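What follows is one structure encoded as structure tokens, with my remarks underneath.
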Amino acid sequence: MDDEGKTSGNLVLSTAYNVVPIWLKIAHDNLKQSKLASTAIPEHWDEESENQKQLLMRELAPSMQVIVACGIALDGLYDTLRPHAKLSAEEIEAWKKKKTSRAKQISEVFRRTHKLKKETYNEFFACIDQVMKFRDKAVHPSLKLENSCSRPDVDVAVDWKFSAYRFTNAEVCFNNTVNLVAYLYENGSISTKIDKSLSNIIEALEELKVVQRNA
């Protein structure tokens, strides 16, 4: 839509199908910032507490955004695939009563839509569970006091958030999320509609320069 409120005929990207690519683009861009900040920590670390805090914060903020964005992308993918997973109302109600974790819900939907074998399902769950736990602790932090943690790149103990939300963890969460989406795309599902949705997501990720398919 232009300044006069008219709709342009030249729409950019295939994001009308799904917002998953947008969140993965957000994660991708923040991961770059996290890496730069992470590299700067050992280079500029000194005995000044204020400088230490600033260095850690510059890494914390983008790392946290990477993980939150990955969690939202997984939620979005779950919403895309769930209508095809043949979940009954009783099963959904049982999830609510048992307070089934979000990671288990997402993993179960993916298992059904792609007929995942047990080993693959377990790998999916481990990856998804890691992302969602980090995401939940970022969005819904506990008031419980946590012990300080160590980091391999500094010689002092730091608040747990500076250990949890650092570049290396953000990178693992991002790579696992993208690889999961790629696996679902490459291995086919029980529905041509799902396959089309995943193809659209991959195409958008290519346009956004988040992934590149092999020639």
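Chain labels A, B, ... are given in the sequence in which chains occur in the structure tokens; within each chain residues are numbered consecutively from 1, and ligands are likewise numbered from 1 in the order shown.
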
Q.
If we count only C-alpha atoms and set the cut-off at 6 Å, which residues sit around segment 60-68 of chain A, ignoring sequence neighbours fewer than 4 positions away in its own chain? Please answer as a count of residues only.
A. 8

Give the alpha helix (DSSP H) residues of segment 21-122 of chain A, as DSSP finds them on the backbone, and put them as a ChimeraX atom specification. /A:21-44,49-81,89-98,102-114,118-122

Close residues, Glu206 of chain A itself excluded, 12 Å, only C-alpha atoms, min 4 positions apart in chain, as an NGL selection string: :A and (13-15 or 21-22 or 24-25 or 178 or 182 or 199-202 or 210-214)

Between A:Gln105, A:Asn175, A:Asn187, A:Ser142, smallest distance to Trp160 of chain A by only C-alpha atoms belongs to A:Ser142

Inset, instruction - Go ahead and compute the interatomic distance for atom CA of Glu203 of chain A and atom CA of Ile26 of chain A, in Å to one decimal. - result: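 Atom CA of Ile26 of chain A lies at a distance of 16.3 Å from atom CA of Glu203 of chain A.
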
Notebook entry, point to check: If you count only C-alpha atoms, which residues fall within 8 Å of Phe125 of chain A, apart from same-chain ones fewer than 4 positions away, as a PyMOL selection string?
Noted result: chain A and resi 103-104+107+121+129

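Comparing the minimum interatomic distances between His44 of chain A and each of A:Ala94, A:Val156, A:Ala164, A:Leu56, counting only C-alpha atoms, we find that A:Leu56 sits nearest.
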
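Taking atom CA of Cys173 of chain A and atom CA of Gln52 of chain A as endpoints, the distance between them is 25.1 Å.
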
note - atom CA of Val109 of chain A and atom CA of Leu87 of chain A are separated by 8.2 Å

Inset, instruction - Determine the nearest neighbour of Lys133 of chain A from the options A:Ser101, A:Ser189, A:Thr113, A:Asn147, counting only C-alpha atoms. - result: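 The answer is A:Ser101, which sits nearest to Lys133 of chain A.
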